[in-house]
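Since the structure comes first, as structure tokens, the remarks are kept for the end.
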Amino acid sequence: MQCYLCKFIPPRDDFLATMTPPEQDWMSQHGAYLDDLTARGIVVAHGPVMEPSGGYGVSLWRIAEGEDIAALTAGDPIIRNGVGHYEHFPMLSLKSRD
């Protein structure tokens with residue numbers, strides 16, 4: 001298995017407070033996408049991080065050898081709609097309760 005910490009970088013610092021109606025819809029789809037991957041055991045955990053300088057999203061992934069993390073995050077509805085981007089950080093291991 002390959003493990004990653006992925007950081008969703010929104011398009012602007014105040015994104016969570018200033019989302020347009022289409023962005024709100026895409027963010028809802030983004031959450032559902034990650035929830036589905038969590039239910040399937042691909043995403044271990046995900047959620048928003050609130051920092052004074054601006055929020056962002058974090059997710060922990062455990063994927064099969066040979067799978068491409070960039071391709072998986074490119075399938076996220078928020079990314080498919082051109083809003084923000086992901087940064088991917090390989091992890092040496094990922095331990096969880098499951």
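Starting from 1 in every chain, residues are counted up; chains themselves are A, B, ... following the order of the structure tokens, and ligands are numbered from 1 as listed.
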**Request:** Give the strand (DSSP E) residues of segment 30-76 of chain A, as assigned by DSSP on the backbone, as a PyMOL selection string.
**Result:** chain A and resi 43-49+56-63
**Request:** Could you pull out the residues in chain A that DSSP calls alpha helix (DSSP H) from the backbone, as a ChimeraX atom specification?
**Result:** /A:15-18,21-39,69-74,77-80
Could those selected residues go to a file with C-alpha atoms, as a PDB file, in the first residue's frame?
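Result written to part_6.pdb:
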ATOM      1  CA  PHE A  15     -12.919  30.622   0.262  1.00  0.00           C
ATOM      2  CA  LEU A  16     -15.053  28.976   2.963  1.00  0.00           C
ATOM      3  CA  ALA A  17     -16.702  32.314   3.789  1.00  0.00           C
ATOM      4  CA  THR A  18     -17.083  33.582   0.215  1.00  0.00           C
ATOM      5  CA  PRO A  21     -23.506  29.070  -5.108  1.00  0.00           C
ATOM      6  CA  PRO A  22     -21.781  26.838  -7.717  1.00  0.00           C
ATOM      7  CA  GLU A  23     -18.729  26.497  -5.439  1.00  0.00           C
ATOM      8  CA  GLN A  24     -21.002  25.519  -2.549  1.00  0.00           C
ATOM      9  CA  ASP A  25     -22.516  22.786  -4.726  1.00  0.00           C
ATOM     10  CA  TRP A  26     -19.081  21.534  -5.802  1.00  0.00           C
ATOM     11  CA  MET A  27     -17.902  21.531  -2.174  1.00  0.00           C
ATOM     12  CA  SER A  28     -20.900  19.390  -1.265  1.00  0.00           C
ATOM     13  CA  GLN A  29     -19.944  16.993  -4.073  1.00  0.00           C
ATOM     14  CA  HIS A  30     -16.318  17.111  -2.845  1.00  0.00           C
ATOM     15  CA  GLY A  31     -17.443  15.980   0.619  1.00  0.00           C
ATOM     16  CA  ALA A  32     -19.555  13.183  -0.837  1.00  0.00           C
ATOM     17  CA  TYR A  33     -16.633  12.061  -3.027  1.00  0.00           C
ATOM     18  CA  LEU A  34     -14.315  11.827  -0.016  1.00  0.00           C
ATOM     19  CA  ASP A  35     -17.033  10.188   2.110  1.00  0.00           C
ATOM     20  CA  ASP A  36     -17.457   7.501  -0.558  1.00  0.00           C
ATOM     21  CA  LEU A  37     -13.701   6.893  -0.687  1.00  0.00           C
ATOM     22  CA  THR A  38     -13.675   6.711   3.118  1.00  0.00           C
ATOM     23  CA  ALA A  39     -16.452   4.107   3.094  1.00  0.00           C
ATOM     24  CA  ILE A  69      -2.695   9.679  -6.173  1.00  0.00           C
ATOM     25  CA  ALA A  70      -2.789  12.618  -8.607  1.00  0.00           C
ATOM     26  CA  ALA A  71      -5.311  10.785 -10.791  1.00  0.00           C
ATOM     27  CA  LEU A  72      -7.467   9.967  -7.757  1.00  0.00           C
ATOM     28  CA  THR A  73      -7.533  13.543  -6.493  1.00  0.00           C
ATOM     29  CA  ALA A  74      -8.112  14.812 -10.053  1.00  0.00           C
ATOM     30  CA  PRO A  77     -15.579  17.213  -8.245  1.00  0.00           C
ATOM     31  CA  ILE A  78     -14.093  20.419  -6.821  1.00  0.00           C
ATOM     32  CA  ILE A  79     -10.926  19.840  -8.873  1.00  0.00           C
ATOM     33  CA  ARG A  80     -12.843  18.783 -11.992  1.00  0.00           C
TER      34      ARG A  80
END
**Message:** Please determine, counting only C-alpha atoms, which residue among A:Val83, A:Val43, A:Met50, A:Ile9 has the shortest atom-to-atom distance to Ala64 of chain A.
**Reply:**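 Among the listed residues, the smallest separation from Ala64 of chain A belongs to A:Val43.
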**Request:** Fewer than 6 positions away in the same chain doesn't count, so skip those; otherwise give me all residues within 8 Å of Ile42 of chain A, counting only C-alpha atoms, as a ChimeraX atom specification.
**Result:** /A:61-63
Output N, CA and C atoms for every residue in the selection just made, as a PDB file, in the first residue's frame.
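Printed below is again15.pdb as written:
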ATOM      1  N   TRP A  61      -4.756   9.173   2.800  1.00  0.00           N
ATOM      2  CA  TRP A  61      -5.101   8.160   1.802  1.00  0.00           C
ATOM      3  C   TRP A  61      -4.233   6.927   1.965  1.00  0.00           C
ATOM      4  N   ARG A  62      -4.826   5.759   1.712  1.00  0.00           N
ATOM      5  CA  ARG A  62      -4.103   4.486   1.646  1.00  0.00           C
ATOM      6  C   ARG A  62      -4.548   3.828   0.345  1.00  0.00           C
ATOM      7  N   ILE A  63      -3.648   3.814  -0.644  1.00  0.00           N
ATOM      8  CA  ILE A  63      -4.003   3.321  -1.977  1.00  0.00           C
ATOM      9  C   ILE A  63      -3.125   2.148  -2.368  1.00  0.00           C
TER      10      ILE A  63
END
**Prompt:** Residues at most 7 Å from Val58 of chain A, counting only C-alpha atoms, excluding those fewer than 4 positions away in the same chain, as a list in words?
**Reply:**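 So, after excluding close chain neighbours, the residues are Cys6, Lys7, Phe8, His46, Gly47, Pro48 and Val49 of chain A.
Interatomic distance, atom CA of Cys3 of chain A to atom CA of Gly84 of chain A: 22.0 Å.
Within 8 Å of Ser93 of chain A, once only C-alpha atoms are used and residues closer than 2 positions along the same chain are dropped, the contacting residues are Gln2, Cys3, Met91 and Lys95 of chain A.
Going from atom CA of Asp13 of chain A to atom CA of Tyr86 of chain A covers 14.8 Å.
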